[in-house]
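Printed here is protein.cif (mmCIF, C-alpha atoms and all ligand atoms):
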```
data_final
loop_
_atom_site.label_atom_id
_atom_site.label_comp_id
_atom_site.auth_asym_id
_atom_site.auth_seq_id
_atom_site.Cartn_x
_atom_site.Cartn_y
_atom_site.Cartn_z
CA MET A 1 -3.45 -48.53 2.43
CA ARG A 2 -0.11 -47.87 4.13
CA LYS A 3 2.94 -48.64 2.03
CA SER A 4 5.66 -50.53 3.89
CA LEU A 5 8.75 -48.60 4.86
CA VAL A 6 12.14 -49.93 5.91
CA VAL A 7 14.64 -47.45 7.28
CA GLY A 8 18.28 -48.12 8.05
CA ASN A 9 19.82 -46.25 10.96
CA TRP A 10 23.55 -46.39 10.49
CA LYS A 11 24.15 -44.74 13.88
CA MET A 12 27.77 -43.55 14.23
CA ASN A 13 29.22 -46.04 11.76
CA GLY A 14 30.76 -45.82 8.33
CA SER A 15 33.63 -44.45 6.28
CA LEU A 16 33.84 -43.08 2.75
CA ALA A 17 34.96 -46.48 1.49
CA SER A 18 32.52 -48.68 3.43
CA ASN A 19 29.56 -46.35 2.70
CA LYS A 20 30.26 -46.56 -1.00
CA ALA A 21 30.36 -50.34 -0.95
CA LEU A 22 27.21 -50.62 1.15
CA VAL A 23 25.16 -48.17 -0.92
CA LYS A 24 26.25 -49.80 -4.18
CA SER A 25 25.13 -53.20 -2.87
CA LEU A 26 21.79 -51.76 -1.82
CA ILE A 27 21.24 -50.13 -5.20
CA ALA A 28 21.80 -53.51 -6.81
CA THR A 29 19.11 -55.07 -4.62
CA VAL A 30 16.43 -52.40 -4.28
CA GLY A 31 14.62 -51.95 -7.61
CA VAL A 32 13.21 -48.60 -8.70
CA ASP A 33 9.67 -50.01 -8.63
CA SER A 34 10.08 -51.41 -5.18
CA ALA A 35 6.83 -52.14 -3.36
CA VAL A 36 8.60 -51.01 -0.23
CA ASP A 37 9.84 -47.51 0.54
CA VAL A 38 13.46 -47.68 1.62
CA SER A 39 15.46 -44.98 3.34
CA ILE A 40 18.83 -44.81 5.06
CA CYS A 41 19.61 -42.38 7.85
CA VAL A 42 23.33 -41.80 7.89
CA PRO A 43 25.80 -39.76 9.97
CA ALA A 44 25.35 -36.11 8.98
CA ILE A 45 28.88 -35.81 7.70
CA TYR A 46 28.21 -38.50 5.09
CA ILE A 47 24.88 -37.14 3.79
CA ALA A 48 26.56 -35.39 0.85
CA GLN A 49 28.38 -38.58 -0.14
CA VAL A 50 25.24 -40.69 0.10
CA SER A 51 23.30 -38.04 -1.79
CA SER A 52 25.64 -38.31 -4.76
CA LEU A 53 25.64 -42.14 -4.63
CA LEU A 54 21.82 -42.22 -4.61
CA THR A 55 21.16 -39.81 -7.48
CA ASN A 56 18.17 -41.13 -9.51
CA GLN A 57 17.79 -44.14 -7.22
CA ALA A 58 14.71 -45.41 -5.42
CA ILE A 59 16.36 -45.26 -2.00
CA SER A 60 15.87 -42.04 -0.08
CA TYR A 61 18.13 -40.82 2.69
CA GLY A 62 18.07 -38.73 5.78
CA ALA A 63 19.65 -37.80 9.07
CA GLN A 64 19.60 -39.18 12.60
CA ASP A 65 18.81 -35.97 14.46
CA VAL A 66 18.10 -32.29 13.82
CA SER A 67 18.19 -29.02 15.71
CA ILE A 68 15.02 -27.15 16.65
CA HIS A 69 16.80 -23.94 15.68
CA GLU A 70 16.76 -22.44 12.22
CA GLU A 71 20.29 -21.05 12.20
CA GLY A 72 22.79 -19.15 14.33
CA ALA A 73 25.04 -19.68 17.31
CA TYR A 74 24.36 -23.37 17.98
CA THR A 75 27.78 -24.97 17.58
CA GLY A 76 27.64 -28.52 16.35
CA GLU A 77 23.96 -28.44 15.49
CA ILE A 78 22.44 -29.11 12.07
CA SER A 79 19.24 -27.39 10.91
CA VAL A 80 16.32 -28.73 8.91
CA GLY A 81 17.21 -26.23 6.19
CA MET A 82 20.65 -27.82 5.86
CA LEU A 83 19.14 -31.30 5.65
CA SER A 84 16.70 -30.14 2.97
CA ASP A 85 19.53 -28.45 1.12
CA LEU A 86 21.23 -31.83 0.79
CA GLY A 87 18.07 -33.57 -0.38
CA CYS A 88 17.18 -35.45 2.80
CA SER A 89 13.62 -36.76 2.92
CA HIS A 90 13.60 -38.16 6.46
CA VAL A 91 15.05 -37.43 9.85
CA ILE A 92 14.99 -39.63 12.93
CA VAL A 93 13.98 -37.76 16.08
CA GLY A 94 13.88 -38.98 19.66
CA HIS A 95 15.96 -42.10 19.16
CA SER A 96 16.44 -43.71 22.57
CA GLU A 97 20.19 -43.09 22.33
CA ARG A 98 19.42 -39.34 22.01
CA ARG A 99 16.93 -39.53 24.87
CA GLN A 100 19.40 -41.46 27.02
CA TYR A 101 22.76 -39.81 26.26
CA HIS A 102 21.57 -36.30 25.37
CA ASN A 103 18.71 -35.96 27.82
CA GLU A 104 16.15 -35.34 25.09
CA ASN A 105 12.64 -35.34 26.51
CA SER A 106 9.34 -35.96 24.75
CA GLU A 107 8.57 -32.26 24.43
CA LEU A 108 11.86 -31.54 22.65
CA VAL A 109 11.36 -34.58 20.44
CA ALA A 110 7.92 -33.31 19.42
CA ARG A 111 9.38 -29.88 18.62
CA LYS A 112 12.02 -31.52 16.43
CA ALA A 113 9.28 -33.44 14.62
CA LEU A 114 7.37 -30.22 14.05
CA VAL A 115 10.32 -28.24 12.64
CA ALA A 116 11.13 -31.18 10.37
CA GLN A 117 7.62 -31.25 8.97
CA GLN A 118 7.49 -27.51 8.53
CA ALA A 119 10.58 -27.88 6.33
CA GLY A 120 9.00 -30.68 4.30
CA LEU A 121 10.95 -33.53 5.90
CA THR A 122 9.33 -36.68 7.26
CA PRO A 123 10.18 -37.17 10.92
CA ILE A 124 10.65 -40.73 12.13
CA ILE A 125 9.63 -40.26 15.73
CA CYS A 126 10.96 -42.93 18.09
CA VAL A 127 9.12 -44.05 21.20
CA GLY A 128 9.72 -46.99 23.49
CA GLU A 129 9.95 -48.23 27.03
CA THR A 130 12.95 -49.44 29.00
CA GLN A 131 13.29 -52.94 30.39
CA GLU A 132 12.46 -51.68 33.86
CA GLN A 133 9.35 -49.87 32.64
CA ARG A 134 8.13 -53.01 30.86
CA GLN A 135 8.82 -55.22 33.86
CA SER A 136 6.92 -52.89 36.14
CA GLY A 137 3.92 -52.98 33.81
CA ASN A 138 4.28 -49.38 32.65
CA THR A 139 4.85 -49.90 28.93
CA LEU A 140 1.60 -48.37 27.73
CA THR A 141 1.80 -45.48 30.21
CA VAL A 142 5.26 -44.57 28.91
CA ILE A 143 4.16 -44.84 25.28
CA GLN A 144 1.07 -42.76 26.02
CA GLU A 145 3.19 -39.96 27.50
CA GLN A 146 5.63 -40.03 24.58
CA VAL A 147 2.88 -40.04 21.94
CA ALA A 148 0.83 -37.38 23.77
CA ALA A 149 3.72 -34.92 23.41
CA ILE A 150 3.58 -35.49 19.65
CA THR A 151 -0.21 -35.29 19.26
CA SER A 152 -0.32 -32.08 21.29
CA LEU A 153 2.00 -30.33 18.83
CA LEU A 154 1.37 -31.89 15.42
CA SER A 155 -1.78 -31.35 13.37
CA GLU A 156 -3.80 -34.30 12.11
CA GLN A 157 -2.31 -33.80 8.66
CA ASP A 158 1.22 -33.75 10.07
CA LEU A 159 0.54 -36.88 12.11
CA LYS A 160 -0.65 -38.71 9.01
CA ALA A 161 2.54 -37.81 7.15
CA ALA A 162 4.85 -38.57 10.07
CA VAL A 163 6.35 -41.97 10.83
CA ILE A 164 6.36 -43.39 14.35
CA ALA A 165 8.94 -46.01 15.28
CA TYR A 166 8.17 -48.20 18.26
CA GLU A 167 11.57 -49.19 19.58
CA PRO A 168 11.60 -50.91 22.96
CA VAL A 169 14.85 -49.70 24.50
CA TRP A 170 15.63 -53.18 25.81
CA ALA A 171 15.58 -54.52 22.25
CA ILE A 172 17.89 -51.98 20.64
CA GLY A 173 21.29 -53.43 19.83
CA THR A 174 20.80 -56.23 22.35
CA GLY A 175 19.77 -59.09 20.08
CA LEU A 176 16.46 -59.25 21.96
CA THR A 177 13.38 -58.62 19.84
CA ALA A 178 9.84 -58.00 21.02
CA THR A 179 7.62 -60.90 20.05
CA PRO A 180 5.25 -60.09 17.19
CA GLU A 181 2.39 -60.11 19.73
CA GLN A 182 4.19 -57.73 22.11
CA ALA A 183 4.98 -55.38 19.24
CA GLN A 184 1.46 -55.58 17.78
CA GLU A 185 -0.08 -54.67 21.14
CA VAL A 186 1.96 -51.49 21.35
CA HIS A 187 1.54 -50.61 17.67
CA GLN A 188 -2.22 -50.90 17.96
CA PHE A 189 -2.11 -48.74 21.08
CA ILE A 190 0.00 -46.10 19.32
CA ARG A 191 -2.50 -46.00 16.46
CA GLU A 192 -5.34 -45.49 18.92
CA GLN A 193 -3.42 -42.65 20.59
CA LEU A 194 -3.03 -40.94 17.21
CA GLY A 195 -6.82 -40.57 16.95
CA SER A 196 -8.26 -39.95 13.51
CA ALA A 197 -4.75 -39.83 11.98
CA GLY A 198 -3.95 -43.30 13.29
CA GLY A 199 -5.17 -45.27 10.30
CA SER A 200 -2.84 -43.39 7.96
CA THR A 201 0.35 -42.99 9.99
CA ARG A 202 3.06 -45.54 9.31
CA VAL A 203 4.21 -47.22 12.51
CA LEU A 204 7.53 -49.07 12.27
CA TYR A 205 9.02 -51.57 14.67
CA GLY A 206 12.67 -51.29 15.69
CA GLY A 207 14.89 -53.35 17.96
CA SER A 208 17.38 -55.96 16.74
CA VAL A 209 15.32 -56.67 13.60
CA LYS A 210 16.95 -59.30 11.41
CA ALA A 211 15.68 -60.97 8.25
CA ASP A 212 14.55 -64.06 10.17
CA THR A 213 12.55 -62.11 12.76
CA ALA A 214 11.16 -59.56 10.30
CA VAL A 215 8.74 -61.90 8.55
CA ALA A 216 6.56 -62.59 11.60
CA LEU A 217 6.71 -58.97 12.70
CA PHE A 218 5.57 -57.72 9.28
CA LEU A 219 2.58 -60.09 9.35
CA GLN A 220 1.10 -58.09 12.21
CA PRO A 221 -1.67 -55.75 11.03
CA ASP A 222 -0.30 -52.62 12.67
CA ILE A 223 3.39 -53.05 11.81
CA ASP A 224 4.18 -51.13 8.63
CA GLY A 225 7.89 -51.84 8.38
CA ALA A 226 11.04 -51.47 10.43
CA LEU A 227 13.69 -49.11 11.67
CA VAL A 228 16.83 -51.20 11.46
CA GLY A 229 20.12 -50.46 13.22
CA GLY A 230 22.90 -53.06 13.20
CA ALA A 231 21.47 -55.13 10.36
CA ALA A 232 21.32 -52.04 8.11
CA LEU A 233 25.12 -52.15 7.89
CA ASP A 234 24.98 -55.51 6.16
CA ALA A 235 23.63 -55.19 2.62
CA THR A 236 22.52 -58.83 2.41
CA GLU A 237 20.68 -58.74 5.73
CA PHE A 238 19.13 -55.33 5.09
CA SER A 239 17.99 -56.39 1.62
CA ALA A 240 16.40 -59.52 3.07
CA ILE A 241 14.49 -57.37 5.56
CA ILE A 242 13.29 -55.16 2.71
CA SER A 243 12.14 -58.26 0.79
CA ALA A 244 10.25 -59.49 3.86
CA ALA A 245 8.36 -56.18 3.95
CA GLY A 246 7.28 -56.42 0.29
C1 LIG B 301 18.05 -48.54 16.03
O1 LIG B 301 19.18 -48.07 16.15
O2 LIG B 301 17.09 -47.80 15.79
C2 LIG B 301 17.90 -49.98 16.17
C3 LIG B 301 16.70 -50.50 16.14
O3 LIG B 301 19.05 -50.71 16.33
P1 LIG B 301 19.21 -52.32 16.25
O4 LIG B 301 18.43 -52.76 15.04
O5 LIG B 301 20.66 -52.54 16.14
O6 LIG B 301 18.61 -52.86 17.49
#
```
Could you show the structure in this file as structure tokens?
Ligand code: PEP
Amino acid sequence: MRKSLVVGNWKMNGSLASNKALVKSLIATVGVDSAVDVSICVPAIYIAQVSSLLTNQAISYGAQDVSIHEEGAYTGEISVGMLSDLGCSHVIVGHSERRQYHNENSELVARKALVAQQAGLTPIICVGETQEQRQSGNTLTVIQEQVAAITSLLSEQDLKAAVIAYEPVWAIGTGLTATPEQAQEVHQFIREQLGSAGGSTRVLYGGSVKADTAVALFLQPDIDGALVGGAALDATEFSAIISAAG
């Protein structure tokens, strides 16, 4: 039985004041016995603030990226050790914005997932096709390549503990959402690609998820929750998505 998981990706948004208001609203909505695991992945500079706001709360928190290096001369980078030090439980790796703007390839993404797991963090590994790739009928080929990089590096045990987020690039921040059937097809395919780990790994959907689209998505057998961008900045909307997953 896979427990539902809803993760908020704040991207590069927030301020000390707005973070405080948002987290306080979420605490008021997400009970400690929640049937849904909830996590927020915030800009690295705000992890310490969010950590203190979430002390003894049911909501976990994490980062949006991590270095493959342990420490040293890597200006601007943040290590898994640093994230663990601040109590992070999750880290997003391979978000399409990292793949697109920072040239991250599937091999690097898999290495990030591995270092995260070795440090006891849960990687949320993003995969997804572009509009062009979908239109040319290459969705499953692209997903296969992205997932193969992960399965070639992670053990079965690591794969079971990892989270995969299927995020069609054309649906991220665009207001377009994959239909439940389109998403289910890819989620089922991802699970097959994960082999014997597939039944245990949580596979989230991401791409303009809102409360009103979440319900039908969460009814699909292979969708275990969502990675939520824009709507995670609105406590009411994010809470409604969490309720839909319960
Ligand atoms: C994301 O950033 O992972 C995401 C899915 O964004 P949005 O929900 O805004 O499309």
message = Within 12 Å of (4.8, -58.3, 19.9) in the file's own coordinates, which protein, DNA or RNA residues have an atom, counting all atoms listed in the file? List them as a PyMOL selection string.
response = chain A and resi 166-168+171+176-189+205-207+213-214+216-223
Name each residue within 6 Å of ligand LIG 301 (chain B), counting all atoms listed in the file, as a list in words.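 For ligand LIG 301 (chain B), the residues inside 6 Å are Asn9, Ala171, Ile172, Gly173, Gly206, Gly207, Ser208, Val209, Leu227, Val228, Gly229 and Gly230 of chain A.
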Using 4 Å of padding on each side, determine the axis-aligned box around all atoms of stretch 47-50 of chain A present in the file and give its centre and edge lengths in Å to one decimal, as AutoDock Vina command-line options.
```
--center_x 26.6 --center_y -38.0 --center_z 1.8 --size_x 11.5 --size_y 13.3 --size_z 11.9
```
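Among the candidate residues A:Leu121, A:Cys41, A:Cys126, A:Leu108, the one lying nearest to A:Leu153 is A:Leu108, with distances computed using all atoms listed in the file.
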Original post:
At what distance in Å, to one decimal, does atom CA of A:Ser25 lie from atom CA of A:Ile125?
Top reply: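 Separating atom CA of A:Ile125 from atom CA of A:Ser25 is a distance of 27.5 Å.
Only residues having an atom at most 12 Å from (24.2, -56.7, 8.0) are included; using only C-alpha atoms, these are A:Gly8, A:Asn9, A:Trp10, A:Leu22, A:Ser25, A:Leu26, A:Ser208, A:Val209, A:Lys210, A:Ala211, A:Val228, A:Gly229, A:Gly230, A:Ala231, A:Ala232, A:Leu233, A:Asp234, A:Ala235, A:Thr236, A:Glu237, A:Phe238, A:Ser239, A:Ala240, A:Ile241.
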Quiz item: Neighbours of stretch 146-148 of chain A within 8 Å (only C-alpha atoms; same-chain residues fewer than 6 positions away dropped), as a ChimeraX atom specification?
Solution: /A:106,127,190,193-194
If you keep C-alpha atoms, can you produce a file of those selected residues as a PDB file, in the coordinates of the input?
```
ATOM      1  CA  SER A 106       9.340 -35.960  24.750  1.00  0.00           C
ATOM      2  CA  VAL A 127       9.120 -44.050  21.200  1.00  0.00           C
ATOM      3  CA  ILE A 190       0.000 -46.100  19.320  1.00  0.00           C
ATOM      4  CA  GLN A 193      -3.420 -42.650  20.590  1.00  0.00           C
ATOM      5  CA  LEU A 194      -3.030 -40.940  17.210  1.00  0.00           C
TER       6      LEU A 194
END
```
Checklist line | Which of A:Gln64, A:Ser51, A:Thr174, A:Thr29 sits closest to A:Arg98 [using all atoms listed in the file] | finding: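 That would be A:Gln64, the residue with the smallest distance to A:Arg98.
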